[in-house]
Amino acid sequence: MPFETPPFESNPGSRLNLADLNPAQREAVETIEGPLLILAGPGSGKTRVITHRVAHMLEQGIPAHSIAALTFTNKAAGEMRDRLALLAPGQQVWSGTFHRFCSRLLRAYAGFVGLTENFTIYDTSDAKKLLKQAIEAAEVDLRHYSPDSLGQAISNLKSQGVGHDQFTPPVGNPLLHLAARVYPHYQRLLQSANGVDFDDLLLYAVQLLRENPELREQLDRRYAYMMVDEYQDTNRVQYQLIRLLNHTLQNLAVTGDPDQSIYGWRGANINNILDFEKDYRGVKVVRLEQNYRSTKSILAVADQLISNNTRRKAKQLLTDNSQGEPVSLVAYPDPQFEARDIAESISVAIRSGKRRPRDFAIFYRTNALSRSLETSLRNAAIPYQIVQGLEFYQRREIKDLIAYLHLLNNERDAVAFERVINVPARKIGDKTVEKLRAYAHSKRLSLLGAARVAGLVDSISKSVAAKISQFVAMFDRIGEARDRDVGEIIRRVLTETKYREWLVEDASEEGYERAANVDELVSACDEFDLQHPNDGGLEAFLEQAALVNDTDAWESDSDFVTLLTIHSSKGLEFPVVYIVGLEDGLIPHERSSTNDEELEEERRLLFVGITRAEQQLQLSRCLSRFRRNGVWPCIASRFLMELPREIMNCFEPAKSDPWSDQGDGFEPDLESVDPWLEDGFSSDEVKESPPRLKSSTTTAFPRLVTAAELEKKQDELNAIRLHPDRFQVGMQVEHPEYGVGQIVELSGSGLKRVATVDFPLLGKRRFRLSHSNLQPAGSDSH
DNA sequence: ATTCGCAAAGTTTTT
DNA sequence: CTTTGCGAAT
């Protein structure tokens with residue numbers, strides 16, 4: 001029997017020491033055979049358990065190639081690989097994301113699902129182009145729904161494991177009826193382009209295993225031991241995949257925490273983990289409840305918050321860590337203030353020598369919230385890295401160039417063809433492409449194939465056909481480099497297309513910036529070549545580019561403050577964490593508060609954020625925020641009311657807060673906003689002097705907002721709220737210094753609402769209503 | 001037929 | 001404040 005090898009000699013380089021583990025952890029590590037459910041609370045050493053478990057399996061003589069570990073993100077897979085390299089040097093255990101696993105599988109068996117091995121993986125924006133064509137082809141009436149919502153619907157179907165030919169829409173759901181009509185067209189377009197979207201990777205893999213039992217059995221045995229991380233975030237297809245691969249041999253270990261399930265919106269089914277014990281027979285359940293990460297103060301807040309969820313298995317968070325400092329809860333006047341204050345406290349802590357930049361992280365609900373934080377950190381000269389800002393691979397110039405590579409790798413790639421055919425501009429426009437598309441469709445050719453014979457297309461003029469031939473000739477010259485290093489290929493693309501020259505043609509600043517990005521892409525290609533001397537090549541690079549995102553580029557080793565969404569903070573930990581924007585409409589997000597289930601997911605999201613913090617945590621919100629066309633008052637997140645505020649440091653407005661605490665339903669008065677008036681704010685009369693930041697190093701989060709400042713800001717908000725339309729153009733107003741004048745213009749909105757007043761003696765002056773003492777002339781001032 | 005310029009509208013979370 | 005869509009000019 002292969003598994004009875006004595007542990008000592010099989011792996012002499014091992015650093016494995018099970019004595020480092022607590023009893024529950026050890027039990028998980030030592031359970032190798034059969035289904036195992038590891039319920040791991042935050043900070044309970046889950047990664048440690050997983051890696052030790054694999055190392056232990058290897059010590060027991062289980063061959064590395066029969067172990068596969070599926071993770072949720074590349075980041076998690078990478079971390080596991082790194083830690084395993086320390087515990088069990090030189091052992092090649094497969095670890096990666098679901099999508100990568102499926103992609104690998106499909107490359108090997110592409111023919112079974114109607115693809116060839118060089119298929120293209122489309123990201124969401126590429127897929128959207130095909131979706132739009134599909135919508136046209138299906139001739140559906142899209143008056144009531146956006147293409148995006150249709151795409152969402154189809155994506156949801158796919159993640160439920162529903163194929164394009166298996167779906168009957170339920171009666172009375174118009175969106176799904178549309179989806180049912182568009183879905184087959186969309187799928188046909190993907191197939192003819194030899195492409196897949198993200199969901200297809202999983203769906204096709206399941207289809208492949210279902211239709212080929214002998215292959216399923218073979219793979220089941222090949223990966224005799226499987227581990228799945230973040231099992232609470234798996235969706236239906238992922239669940240099916242796991243079942244298919246663990247049918248014969250059920251040596252399956254899943255880890256997860258129902259309280260950290262935050263991907264319901266993309267089809268994750270929390271029942272997958274709640275029902276694990278029903279799905280597999282003889283499941284061993286191990287609970288890791290001891291928290292090694294956070295202080296008692298932080299855990300108390302997290303615990304109190306999550307206890308408001310009803311759909312959960314009650315669980316205590318225990319720690320032997322110290323009490324630590326109380327969690328701070330701060331209300332700031334506005335996001336700029338919030339950002340400045342946070343940057344200031346970080347700066348103070350760094351300068352005092354107590355902390356380094358990498359000790360800090362700032363979380364927000366939506367990416368858009370990162371802006372003011374970036375500005376403040378930059379102004380404070382604090383090094384920071386933003387995870388998932390504007391993604392590198394989403395930039396236009398990068399997508400353009402990668403499209404050339406895609407077309408090189410997969411000549412049927414219609415999206416890539418349409419992207420590159422006229423970039424740089426070659427006077428081959430939409431109309432021509434449409435003709436090519438029609439011709440290609442009728443002759444069953446790819447777009448590039450049609451382009452090769454453009455002269456045969458009647459509707460295309462000779463001169464345009466010549467331009468197309470020129471393009472094809474150029475493309476084929478690039479194609480000669482197809483089998484070279486990726487760096488060489490991309491250089492070939494650049495020299496042949498003169499893309500870089502085209503970018504800087506107009507000598508615009510934007511052009512140079514884009515050119516710099518192009519250079520960065522070239523370096524990325526070279527880097528890839530260096531790192532993949534043997535398993536490289538165009539196809540591998542493209543797969544990497546499609547499945548690796550910027551989150552994975554996050555460097556935990558470098559000394560930066562980290563900015564990221566709460567979602568992408570999962571699995572990470574930081575000594576000091578700030579979570580900003582805790583306002584109603586953000587957390588819970590306005591689009592996620594329609595029912596209790598979504599609300600509970602939002603609560604879990606905040607729970608995840610809170611439990612990332614090791615030593616210090618500050619939660620903050622703003623009293624007003626710039627949104628759409630003006631400044632709007634913000635209501636505190638309802639979750640804040642669920643926190644144990646008596647044990648927290650609260651820097652909330654002193655008097656009762658009309659925006660949050662009374663909750664008497666202030667609704668922004670739409671009529672007080674003039675969306676058609678642009679706001680001109682360069683006038684010197686309109687000045688904004690931010691309150692000076694004070695700081696002290698005595699407390700964890702020095703109190704930088706004084707109660708007086710908050711009150712003042714609030715009075716301003718009140719004034720606007722109570723008298724949204726006190727002023728009108730043509731009205732006579734009185735200014736304490738300048739006297740009486742007439743309003744000639746009103747612009748801006750909210751706190752930035754500005755009146756231009758014409759004074760008989762002084763001429764025109766501009767005033768910000770929220771700051772000035774303008775009164776309607778002759779009115780009884782209060 | 002293409003390109004350029006302006007206006008309008010839209011803003012969650014991710015593989 | 002950004003991106004997308006449409007209309008006019010070349």
# chains A, B, ... in the order shown; residues from 1 in each chain; ligands from 1
>>> interface_residues(of="chain A", to="chain B", cutoff="9 Å", atoms="only C-alpha atoms (C1' of nucleotides)", output="PyMOL selection string")
chain A and resi 72-73+97-99+198-199+262-263+265-266+365-368+427-432+547-549+565-568+586+589+591-592+628
>>> residues_around(residues="Leu538 in chain A", least_positions_apart="4", cutoff="12 Å", atoms="only C-alpha atoms (C1' of nucleotides)", output="MDAnalysis selection string")
chainID A and resid 118 120 402 404:410 479 481:490 525:526 528:529 532 542:545
>>> select_by_dssp(residues="range 392-637 of chain A", states="strand (DSSP E)", output="list in words")
Val561, Thr562, Leu563, Leu564, Thr565, Phe574, Pro575, Val576, Val577, Tyr578, Ile579, Ala613, Glu614, Gln615, Gln616, Leu617, Gln618, Leu619, Ser620, Arg621, Cys622, Ser624, Arg625, Phe626, Arg627, Gly630, Val631, Trp632 and Pro633 of chain A
>>> closest_residue(among="A:Ala440, A:Arg396, A:Ala540, A:Lys498", to="chain C", atoms="only C-alpha atoms (C1' of nucleotides)")
A:Arg396
>>> residues_around(residues="range 190-197 of chain A", least_positions_apart="5", cutoff="7 Å", atoms="only C-alpha atoms (C1' of nucleotides)", output="PDB file with N, CA and C atoms, in the first residue's frame")
ATOM      1  N   LEU A 115     -14.906  23.142 -28.735  1.00  0.00           N
ATOM      2  CA  LEU A 115     -13.892  24.190 -28.837  1.00  0.00           C
ATOM      3  C   LEU A 115     -12.592  23.568 -29.341  1.00  0.00           C
ATOM      4  N   THR A 116     -11.641  24.425 -29.677  1.00  0.00           N
ATOM      5  CA  THR A 116     -10.295  23.914 -29.879  1.00  0.00           C
ATOM      6  C   THR A 116      -9.428  24.451 -28.750  1.00  0.00           C
ATOM      7  N   PHE A 119      -8.754  28.175 -27.352  1.00  0.00           N
ATOM      8  CA  PHE A 119      -9.895  29.069 -27.166  1.00  0.00           C
ATOM      9  C   PHE A 119      -9.532  30.320 -26.369  1.00  0.00           C
ATOM     10  N   THR A 120     -10.292  31.360 -26.612  1.00  0.00           N
ATOM     11  CA  THR A 120     -10.082  32.630 -25.919  1.00  0.00           C
ATOM     12  C   THR A 120     -10.978  32.712 -24.686  1.00  0.00           C
ATOM     13  N   ILE A 121     -10.419  33.227 -23.599  1.00  0.00           N
ATOM     14  CA  ILE A 121     -11.243  33.490 -22.416  1.00  0.00           C
ATOM     15  C   ILE A 121     -11.615  34.967 -22.422  1.00  0.00           C
ATOM     16  N   TYR A 122     -12.905  35.241 -22.570  1.00  0.00           N
ATOM     17  CA  TYR A 122     -13.343  36.632 -22.618  1.00  0.00           C
ATOM     18  C   TYR A 122     -13.625  37.166 -21.226  1.00  0.00           C
ATOM     19  N   ASP A 123     -13.156  38.361 -20.971  1.00  0.00           N
ATOM     20  CA  ASP A 123     -13.553  38.982 -19.718  1.00  0.00           C
ATOM     21  C   ASP A 123     -14.930  39.623 -19.922  1.00  0.00           C
ATOM     22  N   ALA A 127     -17.034  40.011 -23.438  1.00  0.00           N
ATOM     23  CA  ALA A 127     -18.224  39.190 -23.615  1.00  0.00           C
ATOM     24  C   ALA A 127     -19.434  40.073 -23.899  1.00  0.00           C
ATOM     25  N   ARG A 412     -10.131  32.738 -34.858  1.00  0.00           N
ATOM     26  CA  ARG A 412     -11.586  32.871 -34.917  1.00  0.00           C
ATOM     27  C   ARG A 412     -12.105  33.919 -33.938  1.00  0.00           C
ATOM     28  N   ASP A 413     -11.209  34.474 -33.144  1.00  0.00           N
ATOM     29  CA  ASP A 413     -11.627  35.414 -32.101  1.00  0.00           C
ATOM     30  C   ASP A 413     -12.245  36.683 -32.712  1.00  0.00           C
ATOM     31  N   ALA A 414     -13.566  36.713 -32.745  1.00  0.00           N
ATOM     32  CA  ALA A 414     -14.271  37.807 -33.400  1.00  0.00           C
ATOM     33  C   ALA A 414     -14.121  39.123 -32.645  1.00  0.00           C
TER      34      ALA A 414
END
>>> select_by_dssp(residues="range 78-126 of chain A", states="helix (DSSP H, G or I)", output="list in words")
Gly78, Glu79, Met80, Arg81, Asp82, Arg83, Leu84, Ala85, Leu86, Leu87, Phe98, His99, Arg100, Phe101, Cys102, Ser103, Arg104, Leu105, Leu106, Arg107, Ala108, Tyr109, Ala110, Gly111, Phe112, Val113, Thr124, Ser125 and Asp126 of chain A
>>> atom_distance(atom1="CA of His52 in chain A", atom2="CA of Lys75 in chain A")
18.2 Å
>>> atom_distance(atom1="CA of Ala253 in chain A", atom2="CA of Arg236 in chain A")
17.8 Å
>>> atom_distance(atom1="CA of Arg419 in chain A", atom2="CA of Leu503 in chain A")
15.8 Å
>>> decode(residues="chain B", atoms="C-alpha atoms (C1' of nucleotides)", output="CSV table (one decimal), in the first residue's frame")
chain,number,residue,atom,x,y,z
B,1,DA,C1',-17.7,56.3,-44.8
B,2,DT,C1',-14.8,57.9,-41.0
B,3,DT,C1',-13.5,60.7,-37.7
B,4,DC,C1',-14.0,64.1,-34.5
B,5,DG,C1',-16.5,66.7,-31.0
B,6,DC,C1',-20.0,67.4,-27.9
B,7,DA,C1',-23.8,66.1,-24.9
B,8,DA,C1',-26.0,62.9,-22.0
B,9,DA,C1',-26.3,59.6,-18.8
B,10,DG,C1',-24.8,56.5,-15.4
B,11,DT,C1',-21.8,54.7,-11.1
B,12,DT,C1',-21.4,47.3,-6.2
B,13,DT,C1',-19.0,43.8,-4.9
B,14,DT,C1',-15.2,39.7,-8.8
B,15,DT,C1',-13.3,35.1,-11.5
